[in-house]
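Worksheet: the structure to be examined is printed underneath.
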Amino acid sequence: MSLASGVAARDRTEPHSLARYRSEFPIFRDKIYLNTCSLGALGDRTRRKVVEHLDLWQARGASAWYDVWWAALGDLRARYGRLVGATPAEIALAPSISVAVTAIASALDYRKRPKVVVTALDFPTVAYQWLAKRPQGVEVVVVESPDGINVPVEAIARAVDDRTALVATSHVYFTTGAIQDIAGVAAAAHAKGALCLIDAYQSVGQLPVDAHAAGVDFLTAGGLKWLLGGTGIVFLYVREALAARLEPTVAGWFSHREQFTFDPRALALHDDARRFELGTPALAAIYAQLGGLEYIEEIGVPAIRAVAGALAEDLIARAMAGGFRPKCAARAADRSAIVMLPAPDPHAAVRDLAAAGIIADARPGHVRLSPFFYNLQDDHVTALERLAPQLAH
Ligand SMILES: Cc1ncc(COP(=O)(O)O)c(C=O)c1O
């Protein structure tokens, strides 16, 4: 299939309003980067923040902990909180989504409610916490997706009953980009007395998120992808009223409200979300995230959504006009900036793109492209032209 029919012809339109940021992401000097949903591109401000940390470490060693680094942790909790409409006290820091979810999994009482409901489209590390607890009687129920793209809230609601401790699912599904109605999921969980945890790693940064308005109990996201902070730093939102009454059964000195008493005889947990923290955070990751957030905060998530959403819609429209069938939600409002293009051999297609300096990703049966505010229409037009012979019709 050729895209030379004009389908993918480059438009002579003005670059979008956020294109000015592109020069701050050096990868674009010699590559086309379309893989933010795996790892956000490194920005100059992010690099500068990491160097700031290294300079402090070099100049001051541990003495930087007490006045600077400690404050950086508080600053990050507050800024993560603002991103999802939460207070700083509702935010715990963690090194990965897996660790954040493990802390929650450790705090639930499975005696009367042994069931945990997840979906077939979630990133599996969410389900793994509870599959690992099957020897303790935990039952994991996986709600299937009828179309392989999204999971109807009604199907989730049908799986929840008065034996359900938790519904855990995603805000944006990582292999389809479909947006879940998380307020609907929370309502379905609460209707049966269950709690609701949302893995929002693929949404926070590219979509506006309001944890209070959605009514969720727990929400986790972090630096790796759409928050431009790289590896090793995530946050866990815990609804305020819950934080004080849930007792994690994993702990570390950062969960202790007076951690500098160093008393091995008594564990007094923080009465806010920090009771779900464990050990010393990775400061380079904290600093990288503080740098990445400078972009997100300066631009604002609604403006990011407008630009990244429009790029994704343009990519979808061009792929469809070229005779391809992107796997995506039927309504644009349910789609995010993750676009899946069916390919018989996605790994070969991704290797071929890489040979042309285009960075994308493969997931089973698909090439995955994910434009962000630093991308231009030209990026995905070039990628589609190169990809066309490798895609399925
Ligand atoms: C939706 C989602 N959740 C979780 C993860 C990974 O979680 P962790 O931080 O435990 O590696 C990913 C991918 O990296 C993801 O896409």
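Ordered as shown in the structure tokens, chains take letters A, B, and onward, while each chain numbers its residues from 1 and ligands are numbered from 1 in the order shown.
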Discussion item. Using only C-alpha atoms, which protein or nucleic acid residues come within 8 Å of Ser96 (chain A)? Drop anything in the same chain fewer than 5 positions from it, and give the result as a PyMOL selection string.
Written reply: chain A and resi 222+232-234
Given the selection you just returned, output its residues as a file containing N, CA and C atoms, formatted as a compact mmCIF listing (two decimals), in the first residue's frame.
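Contents of selection.txt, as written:
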# COMPACT_ATOMS: atom_id res chain seq x y z
N GLY A 222 3.56 8.51 37.47
CA GLY A 222 4.92 8.95 37.78
C GLY A 222 5.69 9.44 36.57
N GLY A 232 12.29 5.51 37.91
CA GLY A 232 12.58 5.44 39.35
C GLY A 232 11.80 6.37 40.25
N ILE A 233 10.77 7.06 39.72
CA ILE A 233 10.00 7.93 40.62
C ILE A 233 8.52 7.92 40.20
N VAL A 234 7.69 7.52 41.13
CA VAL A 234 6.24 7.56 40.92
C VAL A 234 5.60 8.12 42.19
Practice prompt. Select the residues contacting ligand 1 at a distance of at most 10 Å, based on only C-alpha atoms and all ligand atoms, then format the selection as a ChimeraX atom specification.
Written response: /A:37-39,94-102,121-126,169-175,177,198-203,220-225,231-234
Worksheet item: Please, which residues of region 228-393 of chain A, numbered as in this document, come out alpha helix (DSSP H) from DSSP, as a PyMOL selection string?
Response: chain A and resi 240-243+283-299+301-321+346-355+377-387
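Relative to CA of Pro26 (chain A), CA of Leu283 (chain A) is found at 23.3 Å.
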Item to complete: Identify, on the basis of only C-alpha atoms, every residue whose closest approach to Ala120 (chain A) does not exceed 8 Å; exclude the query and any residue fewer than 5 positions from it along the same chain; express the result as a list in words.
Response: Val142, Val143, Glu144 and Ser145 of chain A
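In this structure, CA of Ala132 (chain A) sits 10.2 Å away from CA of Ala105 (chain A).
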Discussion item. Applying 7 Å and only C-alpha atoms, which residues near region 208-219 of chain A remain after dropping the ones on its own chain fewer than 2 positions away? List them as a PyMOL selection string.
Written reply: chain A and resi 84-86+182-183+186+195-200+204+206+221+236-239+301-302
For the residues in that selection, give me N, CA, C and O atoms as a PDB file, in the first residue's frame.
ATOM      1  N   VAL A  84      -2.960  16.279  40.202  1.00  0.00           N
ATOM      2  CA  VAL A  84      -4.151  15.407  40.226  1.00  0.00           C
ATOM      3  C   VAL A  84      -5.201  15.947  41.207  1.00  0.00           C
ATOM      4  O   VAL A  84      -6.089  15.219  41.635  1.00  0.00           O
ATOM      5  N   GLY A  85      -5.080  17.232  41.555  1.00  0.00           N
ATOM      6  CA  GLY A  85      -6.085  17.873  42.410  1.00  0.00           C
ATOM      7  C   GLY A  85      -6.086  17.369  43.843  1.00  0.00           C
ATOM      8  O   GLY A  85      -7.118  17.375  44.504  1.00  0.00           O
ATOM      9  N   ALA A  86      -4.921  16.940  44.324  1.00  0.00           N
ATOM     10  CA  ALA A  86      -4.846  16.362  45.676  1.00  0.00           C
ATOM     11  C   ALA A  86      -3.983  17.238  46.577  1.00  0.00           C
ATOM     12  O   ALA A  86      -3.206  18.072  46.109  1.00  0.00           O
ATOM     13  N   ILE A 182     -13.002   6.554  34.920  1.00  0.00           N
ATOM     14  CA  ILE A 182     -12.575   6.130  36.266  1.00  0.00           C
ATOM     15  C   ILE A 182     -13.586   6.528  37.333  1.00  0.00           C
ATOM     16  O   ILE A 182     -13.676   5.873  38.371  1.00  0.00           O
ATOM     17  N   ALA A 183     -14.366   7.587  37.087  1.00  0.00           N
ATOM     18  CA  ALA A 183     -15.419   7.934  38.059  1.00  0.00           C
ATOM     19  C   ALA A 183     -16.464   6.816  38.071  1.00  0.00           C
ATOM     20  O   ALA A 183     -16.969   6.434  39.146  1.00  0.00           O
ATOM     21  N   ALA A 186     -14.992   3.873  39.981  1.00  0.00           N
ATOM     22  CA  ALA A 186     -15.014   4.115  41.437  1.00  0.00           C
ATOM     23  C   ALA A 186     -16.432   3.924  41.969  1.00  0.00           C
ATOM     24  O   ALA A 186     -16.630   3.303  43.025  1.00  0.00           O
ATOM     25  N   LEU A 195     -13.053  -0.885  47.381  1.00  0.00           N
ATOM     26  CA  LEU A 195     -12.227   0.285  47.101  1.00  0.00           C
ATOM     27  C   LEU A 195     -11.794   0.258  45.632  1.00  0.00           C
ATOM     28  O   LEU A 195     -11.965  -0.754  44.937  1.00  0.00           O
ATOM     29  N   CYS A 196     -11.190   1.370  45.201  1.00  0.00           N
ATOM     30  CA  CYS A 196     -10.848   1.507  43.786  1.00  0.00           C
ATOM     31  C   CYS A 196      -9.448   2.095  43.626  1.00  0.00           C
ATOM     32  O   CYS A 196      -9.158   3.166  44.178  1.00  0.00           O
ATOM     33  N   LEU A 197      -8.603   1.387  42.915  1.00  0.00           N
ATOM     34  CA  LEU A 197      -7.237   1.851  42.647  1.00  0.00           C
ATOM     35  C   LEU A 197      -7.076   2.056  41.144  1.00  0.00           C
ATOM     36  O   LEU A 197      -7.434   1.176  40.358  1.00  0.00           O
ATOM     37  N   ILE A 198      -6.523   3.209  40.765  1.00  0.00           N
ATOM     38  CA  ILE A 198      -6.336   3.493  39.337  1.00  0.00           C
ATOM     39  C   ILE A 198      -4.845   3.616  39.017  1.00  0.00           C
ATOM     40  O   ILE A 198      -4.122   4.408  39.639  1.00  0.00           O
ATOM     41  N   ASP A 199      -4.411   2.830  38.034  1.00  0.00           N
ATOM     42  CA  ASP A 199      -3.064   2.960  37.484  1.00  0.00           C
ATOM     43  C   ASP A 199      -3.152   4.026  36.385  1.00  0.00           C
ATOM     44  O   ASP A 199      -3.657   3.768  35.294  1.00  0.00           O
ATOM     45  N   ALA A 200      -2.664   5.212  36.723  1.00  0.00           N
ATOM     46  CA  ALA A 200      -2.791   6.340  35.796  1.00  0.00           C
ATOM     47  C   ALA A 200      -1.444   6.695  35.164  1.00  0.00           C
ATOM     48  O   ALA A 200      -1.222   7.829  34.734  1.00  0.00           O
ATOM     49  N   VAL A 204      -1.629  10.579  33.496  1.00  0.00           N
ATOM     50  CA  VAL A 204      -1.230  11.831  34.155  1.00  0.00           C
ATOM     51  C   VAL A 204      -0.086  12.475  33.347  1.00  0.00           C
ATOM     52  O   VAL A 204       0.940  11.865  33.116  1.00  0.00           O
ATOM     53  N   GLN A 206      -0.642  13.587  30.170  1.00  0.00           N
ATOM     54  CA  GLN A 206      -1.248  13.784  28.842  1.00  0.00           C
ATOM     55  C   GLN A 206      -2.743  14.092  28.934  1.00  0.00           C
ATOM     56  O   GLN A 206      -3.310  14.629  27.998  1.00  0.00           O
ATOM     57  N   ALA A 221       0.848   7.157  39.471  1.00  0.00           N
ATOM     58  CA  ALA A 221       1.423   7.565  38.176  1.00  0.00           C
ATOM     59  C   ALA A 221       2.837   8.040  38.484  1.00  0.00           C
ATOM     60  O   ALA A 221       3.261   8.000  39.645  1.00  0.00           O
ATOM     61  N   LEU A 236       1.924   7.879  44.722  1.00  0.00           N
ATOM     62  CA  LEU A 236       0.703   7.149  45.076  1.00  0.00           C
ATOM     63  C   LEU A 236      -0.215   8.127  45.781  1.00  0.00           C
ATOM     64  O   LEU A 236       0.144   8.671  46.839  1.00  0.00           O
ATOM     65  N   TYR A 237      -1.376   8.374  45.182  1.00  0.00           N
ATOM     66  CA  TYR A 237      -2.408   9.191  45.841  1.00  0.00           C
ATOM     67  C   TYR A 237      -3.259   8.262  46.692  1.00  0.00           C
ATOM     68  O   TYR A 237      -3.704   7.205  46.219  1.00  0.00           O
ATOM     69  N   VAL A 238      -3.461   8.659  47.952  1.00  0.00           N
ATOM     70  CA  VAL A 238      -4.352   7.910  48.845  1.00  0.00           C
ATOM     71  C   VAL A 238      -5.365   8.903  49.393  1.00  0.00           C
ATOM     72  O   VAL A 238      -4.980   9.919  50.006  1.00  0.00           O
ATOM     73  N   ARG A 239      -6.629   8.649  49.154  1.00  0.00           N
ATOM     74  CA  ARG A 239      -7.693   9.556  49.629  1.00  0.00           C
ATOM     75  C   ARG A 239      -7.520   9.802  51.129  1.00  0.00           C
ATOM     76  O   ARG A 239      -7.280   8.864  51.895  1.00  0.00           O
ATOM     77  N   VAL A 301      -1.608  20.934  31.558  1.00  0.00           N
ATOM     78  CA  VAL A 301      -2.070  19.676  30.959  1.00  0.00           C
ATOM     79  C   VAL A 301      -3.179  19.887  29.913  1.00  0.00           C
ATOM     80  O   VAL A 301      -3.171  19.229  28.875  1.00  0.00           O
ATOM     81  N   PRO A 302      -4.133  20.818  30.128  1.00  0.00           N
ATOM     82  CA  PRO A 302      -5.147  20.990  29.074  1.00  0.00           C
ATOM     83  C   PRO A 302      -4.533  21.372  27.723  1.00  0.00           C
ATOM     84  O   PRO A 302      -4.970  20.867  26.676  1.00  0.00           O
TER      85      PRO A 302
END
Worksheet item: Excluding same-chain residues fewer than 5 positions from region 369-374 of chain A, what lies within 10 Å of it counting only C-alpha atoms, as a ChimeraX atom specification?
Response: /A:16-25,28,33-38,40-41,177,205-206,226,296,299,303-312,315,336-341,359-362,379-380,383-384
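Our summary of the geometry notes that CA of Glu298 (chain A) is positioned 28.2 Å from CA of Glu277 (chain A).
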Fill in: Shell of 9 Å around Leu108 (chain A), only C-alpha atoms, local chain residues under 5 positions omitted, as a VMD selection string
chain A and resid 113 165 to 166 246 to 248
Resulting file, chosen residues, C-alpha atoms, as a CSV table (one decimal), in the first residue's frame:
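Printed below is selection-v3.csv as written:
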chain,number,residue,atom,x,y,z
A,113,ARG,CA,-13.4,-9.7,50.9
A,165,ALA,CA,-11.9,-5.8,48.4
A,166,LEU,CA,-10.7,-3.7,45.5
A,246,LEU,CA,-5.3,1.7,56.4
A,247,GLU,CA,-2.4,-0.1,57.9
A,248,PRO,CA,0.2,-1.2,55.4
